[in-house]
2 protein chains.
Amino acid sequence: MKMTIGDYLLMRLKELGIDDIFGVPGDYNLGFLDQVMYYDGLKWVGNCNELNGAYAADGYARVKGAAAMISTFGVGELSAINGIAGSFAEYLPVVKIVGMPSTEEQKSDIVFHHSIRSNEYDVFEEMYAKITAAKTILTEENAADEIDRVLTVCWKKKLPVYIGIPSDMPYKEIEVEIKPLELDCPTSNLETMEEASLRITKVLKLSKRPLLCVDLCAMRHNTKEDIEHLIDEIQIPFITTNMGKAYINETNPLFVGVYGGKNGDEAVNEFVENADCIISFGALISDLNTSMLPKSSSIEIHSNYVRVKNSYYYELYFHDFIPYVSNKIKKSKIKFPAFTLPKKEEKHFMIKADSKKIEQEYFWKRMGFFFKENSIVIAGTGTSLFGLLPIKLPDNVTFISQIIWASIGYSVGALLGTSIATPFKENILFVGDGAFQLTAQEISTMIRHNTTPIIFLLNNDGYTIERVIRGEKMEYNDIHMWNYAKLPKIFGDEVWTTKVSTTEELESCLSELRANDDKLRFVEVMMERMDVPEMLMKMVGKK
Amino acid sequence: MKMTIGDYLLMRLKELGIDDIFGVPGDYNLGFLDQVMYYDGLKWVGNCNELNGAYAADGYARVKGAAAMISTFGVGELSAINGIAGSFAEYLPVVKIVGMPSTEEQKSDIVFHHSIRSNEYDVFEEMYAKITAAKTILTEENAADEIDRVLTVCWKKKLPVYIGIPSDMPYKEIEVEIKPLELDCPTSNLETMEEASLRITKVLKLSKRPLLCVDLCAMRHNTKEDIEHLIDEIQIPFITTNMGKAYINETNPLFVGVYGGKNGDEAVNEFVENADCIISFGALISDLNTSMLPKSSSIEIHSNYVRVKNSYYYELYFHDFIPYVSNKIKKSKIKFPAFTLPKKEEKHFMIKADSKKIEQEYFWKRMGFFFKENSIVIAGTGTSLFGLLPIKLPDNVTFISQIIWASIGYSVGALLGTSIATPFKENILFVGDGAFQLTAQEISTMIRHNTTPIIFLLNNDGYTIERVIRGEKMEYNDIHMWNYAKLPKIFGDEVWTTKVSTTEELESCLSELRANDDKLRFVEVMMERMDVPEMLMKMVGKK
């Protein structure tokens, strides 16, 4: 059948579960944007700027499974590139679409606007090649095949891809054969599954202190049920890494804790260090995420291979391998020696409501009692992250923090993405004042689209996380003081904002928040400059 | 003598005339930032985000001659890259400094935060290699030589350069020999000067309708006096390109106008088309800047070569070649045939002060009477640019608009840069609401540093320039309506803001503006959605 290139691309995006597209218009992409507007079941979410759009797409992909973001050539795509690089670092399938000068324009000698020199039209796609898993520039001849190819890579590898559309292409009609995209994960090689499972069972049998660990890539590949089933079947204690936090129910009695390495809880560390066999799922080793975990991890289950000690098994995939190995272990009737989980500090927590200042330690513990199941909790990669990591979250909370890429300002854009993706969930963001200033205007887009997240802005007068690293009183760690609580009103009247300085005010605020869940809620929380979560002090070696 | 690498770099930056450094702190650059703070005569201008910082550096370089901008590795440098690409497209010497993971960290297998994969530390510098004229990563062994090399390239080519500093490098002591950087432009080859000048004189002698044209690169290389002297000596009529606007005194009786090609003034076009010899200075051909000018330009004087018809002369430089050729032509006693300059529409302009809406055509003409000499006028690349291009500006006005790179949002960042660079000049910005939303928070940095620019925010409810290109009523050209006039107060009390809807209110505002020149002034100008300057209508072929 005949179809325009633009519509074909949009049809394929819908197949990835994408219902909303982020981005900023520009003269090289307007034709395609018309097609977006008219495409049934697709919503355009215009962003204030391209970086915020890329962050939003990343957040959207974390909860919806995939996302798309459109910008114009040169200026637009370069403004977005840091956001897409983050998606590459942290395995998010984001489709970056770029409206380019037309085929004719690209052939001419003229320097068109948004170009750096004439005839250098591949400069930007080459930059993107370094942070995407596949790229293509559409032509009449290649469009259908190339769209299918790069979107399949995007979906299967859980990595961003790049699609360039010269401005004369969206309305070209092409002949296409319509069959669904081949998105299913391959089937694991049966013989290898059997061999690897036997080996894993054997290793586990010899273990006196086994431990299961869940990380980032296990989340991307939707393994929650299978892993929870495995834990349940073989009754193995488990940890998550920082980025794996809350993916597996933290109220499960077998949950040891979030492993923070030298920065983390000592009892959890001790348990991890005493383990003689760690079986990890989707582990992505990095300084802030997993610390030194890998060295002791004897079994690694990845999205497309498995390592058992020094043996590697390829062509194995989560979706059928986890149930297979789970079944195999169960049948082997392994019984692990008894173990005692580290005692959780279950001191009775006393809610305060007095005129004293809100301290970090108190604040995060208090928030632990505010969260509810099935919500989205986003932490800026600053004091918020280190404050929240030790707090136990209810089941089915999606915890989001950009721990590997750690781009300051990311969290505000991500919140837009998650609250567009899951408008009926409670979306809560914790962001410091320093980070907030980078991307603050995207609150306007949340209001425009009637999303109703809760934003806690932690005002501690500057880049506190950096102050504890270096330059406590240096000017470079200062920022200009804004009247934060009044900012959302600049973007629209239908918002609920407040500023709290004492535990009493905090309580009063928390009691009102959910009664106002038909609007965006913004809480400025005043905190001391150098009051930081214990975990952050450990990270910088000051505790 | 012995010196730390950090101090050596800062000493060299000062030699380029850099007194203020833009950027955002991050854990890989904090050590170097300490050195910036303690360096005598250097001011740190912390930006709200990195892209704004890069825009500010670009603006600063336009008026100060060079600029520097610091960010952290990965996240920070990628956020800034669009701004630096703009400096590359439009020839601005901006030194991009990046604090990187330490030499040890780069050797290890661990993925450090802000990295995409382990051992891939060159990904970002490779991206920058495409949009900078030179790059280096400092080591103890190469630091002094490499700093000198890349800064010299930056200065001479008027292009951005990239300097990566691993976090263990700033405090390393190196042995250096202190002699000033070799920044002088080379001397032109005397024989070639003679030959080219003779040829130019000969060509001009045969010309009945000669015309001089000044563009971008002539501005970058500080040729104003020499070109004005030449015009004066040989009494040749002149135009500027869009990017050359106002560089040569527009009140000079020999000024024909700004050449806008098919979008421009018809009388100017006719004069240009009838010219039989165009001698251009520093022309950079691009669609929005020069239109189709080059085809008829028979003599091109560039920063390092000259073309006369089909003969190329190399090793010729503006600084000595312009006076040389000027003298040669004068001595030849050429007398050009009499010519009549296009009649300027000198209708008496009547200032209105009634309750009618402010129309674009009126607004720009009115502003023509507001500007004063020696000021900075910045136009966003939207309706503001097309509104201001035809308006005659007083002498020594620096007119800034990013016409080739044309990055939406640039102008607000650039204003920060120019107002830091020239605090005693009147810095005026015209920016549309759509563009403003991208980088609005940088007003906070202007207030923080007590700069006192005037900002005219043209509120026409969306991306008007795009509405006239395509999709007048399409949702993608809508933006969320902010309460713009109240925004600056969120950032500080010491601002003067107002909102004007009628010509009466505009007059009252203009009469108060200069009386409040001790603070930042912000004027929201309400305009009709589809009211656009005539020149823009021509550009989109609608007039």
# chains A, B, ... in the order shown; residues from 1 in each chain; ligands from 1
>>> residues_around(residues="stretch 457-473 of chain A", least_positions_apart="4", cutoff="10 Å", atoms="only C-alpha atoms", output="compact mmCIF listing (two decimals) with all heavy atoms, in the first residue's frame")
# COMPACT_ATOMS: atom_id res chain seq x y z
N GLN A 360 17.59 17.59 57.06
CA GLN A 360 17.62 16.59 56.00
C GLN A 360 17.26 15.21 56.55
O GLN A 360 16.40 14.53 56.00
CB GLN A 360 19.02 16.52 55.37
CG GLN A 360 19.37 17.73 54.53
CD GLN A 360 19.13 17.51 53.04
OE1 GLN A 360 18.87 16.41 52.60
NE2 GLN A 360 19.21 18.59 52.28
N THR A 381 20.04 14.36 41.07
CA THR A 381 21.30 13.72 41.46
C THR A 381 22.10 14.66 42.36
O THR A 381 23.13 15.20 41.95
CB THR A 381 22.12 13.36 40.21
OG1 THR A 381 21.23 12.90 39.21
CG2 THR A 381 23.13 12.28 40.51
N GLY A 382 21.60 14.88 43.54
CA GLY A 382 22.27 15.76 44.50
C GLY A 382 21.88 15.26 45.87
O GLY A 382 21.79 14.05 46.09
N THR A 383 21.63 16.18 46.80
CA THR A 383 21.24 15.74 48.13
C THR A 383 19.97 14.87 48.07
O THR A 383 19.82 13.96 48.87
CB THR A 383 20.99 16.95 49.06
OG1 THR A 383 20.17 17.88 48.37
CG2 THR A 383 22.30 17.63 49.43
N SER A 384 19.09 15.14 47.13
CA SER A 384 17.84 14.37 47.05
C SER A 384 18.11 12.89 46.85
O SER A 384 17.51 12.03 47.51
CB SER A 384 16.96 14.88 45.91
OG SER A 384 16.68 16.24 46.07
N PHE A 386 20.84 11.14 47.54
CA PHE A 386 21.47 10.51 48.70
C PHE A 386 20.53 10.48 49.90
O PHE A 386 20.65 9.63 50.77
CB PHE A 386 22.79 11.21 49.02
CG PHE A 386 23.80 11.01 47.93
CD1 PHE A 386 24.05 12.00 46.97
CD2 PHE A 386 24.49 9.81 47.82
CE1 PHE A 386 24.97 11.79 45.94
CE2 PHE A 386 25.41 9.60 46.80
CZ PHE A 386 25.65 10.59 45.86
N LEU A 429 8.62 14.82 42.55
CA LEU A 429 10.03 15.17 42.28
C LEU A 429 10.65 15.84 43.49
O LEU A 429 10.02 16.70 44.12
CB LEU A 429 10.10 16.14 41.08
CG LEU A 429 11.44 16.88 40.90
CD1 LEU A 429 12.55 15.92 40.50
CD2 LEU A 429 11.29 17.98 39.85
N PHE A 430 11.89 15.48 43.78
CA PHE A 430 12.71 16.21 44.76
C PHE A 430 13.90 16.79 44.00
O PHE A 430 14.67 16.04 43.40
CB PHE A 430 13.20 15.27 45.86
CG PHE A 430 12.09 14.68 46.66
CD1 PHE A 430 11.51 13.48 46.28
CD2 PHE A 430 11.59 15.33 47.78
CE1 PHE A 430 10.46 12.93 47.00
CE2 PHE A 430 10.54 14.79 48.51
CZ PHE A 430 9.97 13.58 48.12
N VAL A 431 14.03 18.09 44.03
CA VAL A 431 15.13 18.71 43.28
C VAL A 431 15.72 19.85 44.10
O VAL A 431 15.00 20.59 44.77
CB VAL A 431 14.63 19.22 41.90
CG1 VAL A 431 13.49 20.22 42.04
CG2 VAL A 431 15.76 19.81 41.08
N GLY A 432 17.04 19.98 44.05
CA GLY A 432 17.70 21.07 44.76
C GLY A 432 17.58 22.37 43.98
O GLY A 432 17.32 22.37 42.77
N ASP A 433 17.78 23.48 44.67
CA ASP A 433 17.64 24.79 44.02
C ASP A 433 18.66 24.98 42.90
O ASP A 433 18.33 25.53 41.84
CB ASP A 433 17.73 25.92 45.06
CG ASP A 433 18.96 25.82 45.96
OD1 ASP A 433 19.62 24.76 45.96
OD2 ASP A 433 19.24 26.79 46.68
N GLY A 434 19.88 24.49 43.11
CA GLY A 434 20.91 24.66 42.08
C GLY A 434 20.51 23.97 40.79
O GLY A 434 20.53 24.56 39.71
N ALA A 435 20.11 22.72 40.90
CA ALA A 435 19.70 21.95 39.72
C ALA A 435 18.45 22.55 39.09
O ALA A 435 18.32 22.61 37.87
CB ALA A 435 19.44 20.50 40.11
N PHE A 436 17.55 23.01 39.93
CA PHE A 436 16.28 23.53 39.43
C PHE A 436 16.48 24.69 38.46
O PHE A 436 15.77 24.83 37.46
CB PHE A 436 15.43 23.99 40.62
CG PHE A 436 14.07 24.51 40.25
CD1 PHE A 436 13.10 23.65 39.77
CD2 PHE A 436 13.78 25.87 40.36
CE1 PHE A 436 11.84 24.14 39.42
CE2 PHE A 436 12.53 26.36 40.02
CZ PHE A 436 11.55 25.50 39.55
N ASN A 477 30.10 28.13 44.09
CA ASN A 477 29.02 27.27 44.57
C ASN A 477 27.78 28.05 45.01
O ASN A 477 26.81 27.46 45.47
CB ASN A 477 29.52 26.37 45.71
CG ASN A 477 30.32 25.19 45.16
OD1 ASN A 477 30.04 24.73 44.06
ND2 ASN A 477 31.31 24.73 45.91
N ASP A 478 27.83 29.36 44.86
CA ASP A 478 26.66 30.18 45.17
C ASP A 478 25.78 30.28 43.93
O ASP A 478 26.27 30.22 42.80
CB ASP A 478 27.08 31.60 45.57
CG ASP A 478 27.89 31.62 46.86
OD1 ASP A 478 27.84 30.63 47.61
OD2 ASP A 478 28.58 32.64 47.10
N ILE A 479 24.50 30.43 44.14
CA ILE A 479 23.61 30.75 43.02
C ILE A 479 22.77 31.94 43.45
O ILE A 479 22.77 32.32 44.62
CB ILE A 479 22.69 29.55 42.64
CG1 ILE A 479 21.82 29.14 43.83
CG2 ILE A 479 23.51 28.38 42.14
CD1 ILE A 479 20.77 28.09 43.47
N HIS A 480 22.09 32.54 42.51
CA HIS A 480 21.26 33.69 42.82
C HIS A 480 19.97 33.20 43.49
O HIS A 480 19.37 32.24 43.02
CB HIS A 480 20.95 34.44 41.53
CG HIS A 480 20.37 35.80 41.77
ND1 HIS A 480 21.06 36.78 42.46
CD2 HIS A 480 19.18 36.33 41.43
CE1 HIS A 480 20.31 37.86 42.52
NE2 HIS A 480 19.17 37.62 41.91
N MET A 481 19.58 33.84 44.56
CA MET A 481 18.38 33.39 45.28
C MET A 481 17.12 33.84 44.53
O MET A 481 16.92 35.01 44.28
CB MET A 481 18.39 33.99 46.70
CG MET A 481 17.21 33.58 47.56
SD MET A 481 17.03 31.78 47.85
CE MET A 481 18.29 31.52 49.12
N TRP A 482 16.29 32.88 44.17
CA TRP A 482 15.02 33.18 43.51
C TRP A 482 13.88 33.11 44.53
O TRP A 482 14.01 32.50 45.58
CB TRP A 482 14.70 32.16 42.41
CG TRP A 482 15.61 32.13 41.24
CD1 TRP A 482 16.76 32.85 41.05
CD2 TRP A 482 15.47 31.30 40.08
NE1 TRP A 482 17.32 32.51 39.84
CE2 TRP A 482 16.56 31.56 39.22
CE3 TRP A 482 14.53 30.34 39.67
CZ2 TRP A 482 16.73 30.91 37.99
CZ3 TRP A 482 14.69 29.70 38.45
CH2 TRP A 482 15.78 30.00 37.62
N TYR A 484 11.42 31.12 44.63
CA TYR A 484 11.00 29.89 43.96
C TYR A 484 9.49 29.61 44.05
O TYR A 484 8.86 29.26 43.07
CB TYR A 484 11.76 28.68 44.52
CG TYR A 484 13.25 28.76 44.30
CD1 TYR A 484 14.11 29.18 45.30
CD2 TYR A 484 13.80 28.43 43.06
CE1 TYR A 484 15.48 29.26 45.10
CE2 TYR A 484 15.17 28.50 42.84
CZ TYR A 484 16.00 28.92 43.87
OH TYR A 484 17.35 29.01 43.66
N ALA A 485 8.96 29.78 45.26
CA ALA A 485 7.56 29.38 45.46
C ALA A 485 6.61 30.20 44.61
O ALA A 485 5.49 29.79 44.34
CB ALA A 485 7.20 29.49 46.94
N LYS A 499 5.58 27.41 50.77
CA LYS A 499 6.96 27.44 51.20
C LYS A 499 6.97 27.02 52.65
O LYS A 499 6.20 27.55 53.45
CB LYS A 499 7.46 28.89 51.06
CG LYS A 499 8.90 29.13 51.42
CD LYS A 499 9.26 30.55 50.98
CE LYS A 499 10.61 30.98 51.47
NZ LYS A 499 11.01 32.28 50.86
N VAL A 500 7.80 26.04 52.97
CA VAL A 500 7.81 25.55 54.36
C VAL A 500 9.21 25.64 54.95
O VAL A 500 10.20 25.31 54.30
CB VAL A 500 7.27 24.10 54.46
CG1 VAL A 500 5.84 24.02 53.97
CG2 VAL A 500 8.15 23.12 53.69
N SER A 501 9.25 26.10 56.20
CA SER A 501 10.54 26.26 56.87
C SER A 501 10.62 25.42 58.14
O SER A 501 11.70 25.12 58.63
CB SER A 501 10.76 27.72 57.25
OG SER A 501 10.71 28.53 56.11
N PHE A 522 3.62 22.66 44.23
CA PHE A 522 5.03 23.06 44.32
C PHE A 522 5.34 23.47 45.75
O PHE A 522 4.72 24.39 46.28
CB PHE A 522 5.28 24.23 43.36
CG PHE A 522 6.72 24.65 43.25
CD1 PHE A 522 7.52 24.17 42.22
CD2 PHE A 522 7.28 25.54 44.16
CE1 PHE A 522 8.84 24.56 42.09
CE2 PHE A 522 8.62 25.93 44.05
CZ PHE A 522 9.40 25.45 43.01
N VAL A 523 6.27 22.79 46.37
CA VAL A 523 6.61 23.06 47.76
C VAL A 523 8.07 23.47 47.86
O VAL A 523 8.97 22.70 47.52
CB VAL A 523 6.38 21.81 48.64
CG1 VAL A 523 6.66 22.13 50.11
CG2 VAL A 523 4.97 21.26 48.44
N GLU A 524 8.32 24.69 48.28
CA GLU A 524 9.70 25.12 48.52
C GLU A 524 10.04 24.78 49.97
O GLU A 524 9.40 25.26 50.90
CB GLU A 524 9.82 26.63 48.27
CG GLU A 524 11.23 27.15 48.51
CD GLU A 524 11.37 28.66 48.23
OE1 GLU A 524 10.36 29.28 47.83
OE2 GLU A 524 12.47 29.18 48.42
N VAL A 525 11.04 23.93 50.14
CA VAL A 525 11.43 23.49 51.48
C VAL A 525 12.74 24.18 51.85
O VAL A 525 13.77 23.97 51.21
CB VAL A 525 11.62 21.96 51.53
CG1 VAL A 525 11.89 21.50 52.96
CG2 VAL A 525 10.41 21.24 50.93
N MET A 526 12.70 25.02 52.86
CA MET A 526 13.90 25.76 53.27
C MET A 526 14.79 24.86 54.12
O MET A 526 14.33 24.24 55.09
CB MET A 526 13.51 27.00 54.09
CG MET A 526 12.57 27.95 53.38
SD MET A 526 13.19 28.48 51.76
CE MET A 526 14.56 29.54 52.26
N MET A 527 16.06 24.78 53.74
CA MET A 527 16.98 23.93 54.49
C MET A 527 18.30 24.63 54.71
O MET A 527 18.65 25.56 53.99
CB MET A 527 17.19 22.62 53.73
CG MET A 527 16.01 21.69 53.90
SD MET A 527 16.25 20.18 52.97
CE MET A 527 15.06 19.12 53.77
N GLU A 528 19.04 24.12 55.68
CA GLU A 528 20.34 24.71 55.96
C GLU A 528 21.33 24.37 54.84
O GLU A 528 21.32 23.26 54.32
CB GLU A 528 20.88 24.15 57.28
CG GLU A 528 20.25 24.76 58.50
CD GLU A 528 20.55 26.25 58.64
OE1 GLU A 528 21.72 26.63 58.55
OE2 GLU A 528 19.58 27.03 58.81
N ARG A 529 22.18 25.34 54.54
CA ARG A 529 23.18 25.17 53.49
C ARG A 529 24.00 23.90 53.59
O ARG A 529 24.22 23.21 52.62
CB ARG A 529 24.18 26.32 53.62
CG ARG A 529 24.08 27.33 52.56
CD ARG A 529 25.30 28.20 52.70
NE ARG A 529 25.16 29.35 51.82
CZ ARG A 529 26.17 30.04 51.38
NH1 ARG A 529 27.40 29.75 51.76
NH2 ARG A 529 25.98 31.06 50.59
N MET A 530 24.53 23.64 54.77
CA MET A 530 25.49 22.54 54.89
C MET A 530 24.89 21.32 55.57
O MET A 530 25.61 20.43 56.00
CB MET A 530 26.76 23.02 55.61
CG MET A 530 27.54 24.05 54.83
SD MET A 530 28.00 23.51 53.13
CE MET A 530 29.19 22.23 53.49
N ASP A 531 23.57 21.27 55.63
CA ASP A 531 22.90 20.09 56.17
C ASP A 531 22.73 19.10 55.02
O ASP A 531 22.04 19.39 54.05
CB ASP A 531 21.54 20.52 56.73
CG ASP A 531 20.75 19.35 57.29
OD1 ASP A 531 21.35 18.27 57.50
OD2 ASP A 531 19.53 19.51 57.48
N VAL A 532 23.44 17.98 55.09
CA VAL A 532 23.34 17.02 53.98
C VAL A 532 23.10 15.61 54.51
O VAL A 532 23.45 15.30 55.65
CB VAL A 532 24.62 17.00 53.10
CG1 VAL A 532 24.83 18.32 52.41
CG2 VAL A 532 25.84 16.63 53.91
N PRO A 533 22.50 14.75 53.67
CA PRO A 533 22.25 13.37 54.11
C PRO A 533 23.57 12.67 54.45
O PRO A 533 24.60 12.93 53.82
CB PRO A 533 21.59 12.72 52.90
CG PRO A 533 21.06 13.85 52.08
CD PRO A 533 22.00 14.98 52.31
N LEU A 536 25.69 11.12 51.67
CA LEU A 536 26.50 12.04 50.87
C LEU A 536 27.80 12.37 51.61
O LEU A 536 28.87 12.44 51.00
CB LEU A 536 25.69 13.31 50.57
CG LEU A 536 26.39 14.41 49.78
CD1 LEU A 536 27.00 13.88 48.49
CD2 LEU A 536 25.40 15.53 49.46
N MET A 537 27.70 12.54 52.93
CA MET A 537 28.91 12.80 53.72
C MET A 537 29.88 11.63 53.59
O MET A 537 31.09 11.81 53.48
CB MET A 537 28.55 13.02 55.19
CG MET A 537 27.84 14.32 55.47
SD MET A 537 28.69 15.76 54.76
CE MET A 537 29.87 16.13 56.08
N MET A 539 30.08 9.64 51.03
CA MET A 539 30.61 9.62 49.67
C MET A 539 31.82 10.52 49.54
O MET A 539 32.79 10.20 48.87
CB MET A 539 29.55 10.03 48.65
CG MET A 539 30.02 9.77 47.22
SD MET A 539 28.98 10.53 45.97
CE MET A 539 29.53 12.22 46.03
N VAL A 540 31.76 11.67 50.18
CA VAL A 540 32.88 12.60 50.06
C VAL A 540 33.93 12.36 51.15
O VAL A 540 34.83 13.17 51.33
CB VAL A 540 32.40 14.07 50.09
CG1 VAL A 540 31.49 14.34 48.90
CG2 VAL A 540 31.70 14.41 51.39
N GLY A 541 33.77 11.23 51.85
CA GLY A 541 34.78 10.84 52.82
C GLY A 541 34.79 11.71 54.06
O GLY A 541 35.81 11.82 54.74
N LYS A 542 33.67 12.35 54.36
CA LYS A 542 33.64 13.22 55.53
C LYS A 542 32.91 12.57 56.70
O LYS A 542 32.59 13.21 57.67
CB LYS A 542 33.02 14.56 55.17
CG LYS A 542 33.91 15.35 54.21
CD LYS A 542 33.50 16.79 54.00
CE LYS A 542 34.52 17.49 53.10
NZ LYS A 542 34.06 18.75 52.56
N PRO B 25 29.84 25.20 37.65
CA PRO B 25 30.79 24.32 38.34
C PRO B 25 30.35 22.85 38.27
O PRO B 25 29.17 22.56 38.06
CB PRO B 25 30.74 24.81 39.78
CG PRO B 25 29.38 25.42 39.94
CD PRO B 25 29.02 25.98 38.59
N GLY B 26 31.29 21.96 38.42
CA GLY B 26 31.00 20.53 38.45
C GLY B 26 32.18 19.86 39.11
O GLY B 26 33.27 20.43 39.14
N ASP B 27 31.99 18.65 39.62
CA ASP B 27 33.04 18.12 40.49
C ASP B 27 34.38 17.93 39.78
O ASP B 27 35.42 17.93 40.43
CB ASP B 27 32.60 16.87 41.25
CG ASP B 27 32.09 15.78 40.34
OD1 ASP B 27 31.81 16.09 39.17
OD2 ASP B 27 31.96 14.64 40.78
N LEU B 30 36.16 21.78 39.92
CA LEU B 30 36.18 22.64 41.11
C LEU B 30 37.58 23.12 41.48
O LEU B 30 37.77 24.26 41.89
CB LEU B 30 35.53 21.93 42.30
CG LEU B 30 34.05 21.51 42.10
CD1 LEU B 30 33.52 20.83 43.37
CD2 LEU B 30 33.17 22.69 41.74
N GLY B 31 38.57 22.24 41.31
CA GLY B 31 39.94 22.65 41.66
C GLY B 31 40.38 23.83 40.80
O GLY B 31 40.93 24.81 41.31
N LEU B 33 38.43 25.92 39.35
CA LEU B 33 37.61 27.09 39.70
C LEU B 33 38.19 27.83 40.90
O LEU B 33 38.10 29.06 40.97
CB LEU B 33 36.16 26.69 39.95
CG LEU B 33 35.36 26.30 38.71
CD1 LEU B 33 33.91 26.01 39.08
CD2 LEU B 33 35.41 27.41 37.65
N ASP B 34 38.77 27.11 41.84
CA ASP B 34 39.44 27.78 42.95
C ASP B 34 40.50 28.74 42.42
O ASP B 34 40.65 29.87 42.87
CB ASP B 34 40.11 26.76 43.89
CG ASP B 34 39.16 26.24 44.96
OD1 ASP B 34 37.98 26.65 44.96
OD2 ASP B 34 39.60 25.43 45.79
>>> residues_around(residues="stretch 252-261 of chain B", least_positions_apart="5", cutoff="9 Å", atoms="only C-alpha atoms", output="ChimeraX atom specification")
/B:213,231-232,235-242,244-246,266,268-269,271-272,288-293,341-342,344,389-390,392,395,535
>>> interface_residues(of="chain A", to="chain B", cutoff="7 Å", atoms="only C-alpha atoms", output="PyMOL selection string")
chain A and resi 25+27+30+46+48-49+75+78-79+81-82+88-89+110-117+123+127+130+285-288+404-407+437-438+444+448+466+470+476+480-483+486-487+490-492
>>> residues_around(residues="stretch 273-277 of chain A", least_positions_apart="2", cutoff="7 Å", atoms="only C-alpha atoms", output="list of chain:residue names")
A:Ser207, A:Lys208, A:Arg209, A:Pro210, A:Leu211, A:Asn269, A:Glu270, A:Phe271, A:Ile279, A:Ser297, A:Ser298
>>> residues_around(residues="B:Asp20", least_positions_apart="4", cutoff="10 Å", atoms="only C-alpha atoms", output="list in words")
Leu13, Lys14, Val36, Gly41, Leu42, Lys43, Trp44, Val45, Ala57, Tyr60, Ala67, Ala68, Met69, Gly417, Ile420 and Ala421 of chain B
>>> select_by_dssp(residues="stretch 170-350 of chain A", states="strand (DSSP E)", output="JSON, numbers by chain")
{"A": [173, 174, 175, 210, 211, 212, 213, 214, 238, 239, 240, 255, 256, 257, 258, 277, 278, 279, 280, 281, 299, 300, 301, 305, 306, 307, 308, 311, 312, 313, 314]}
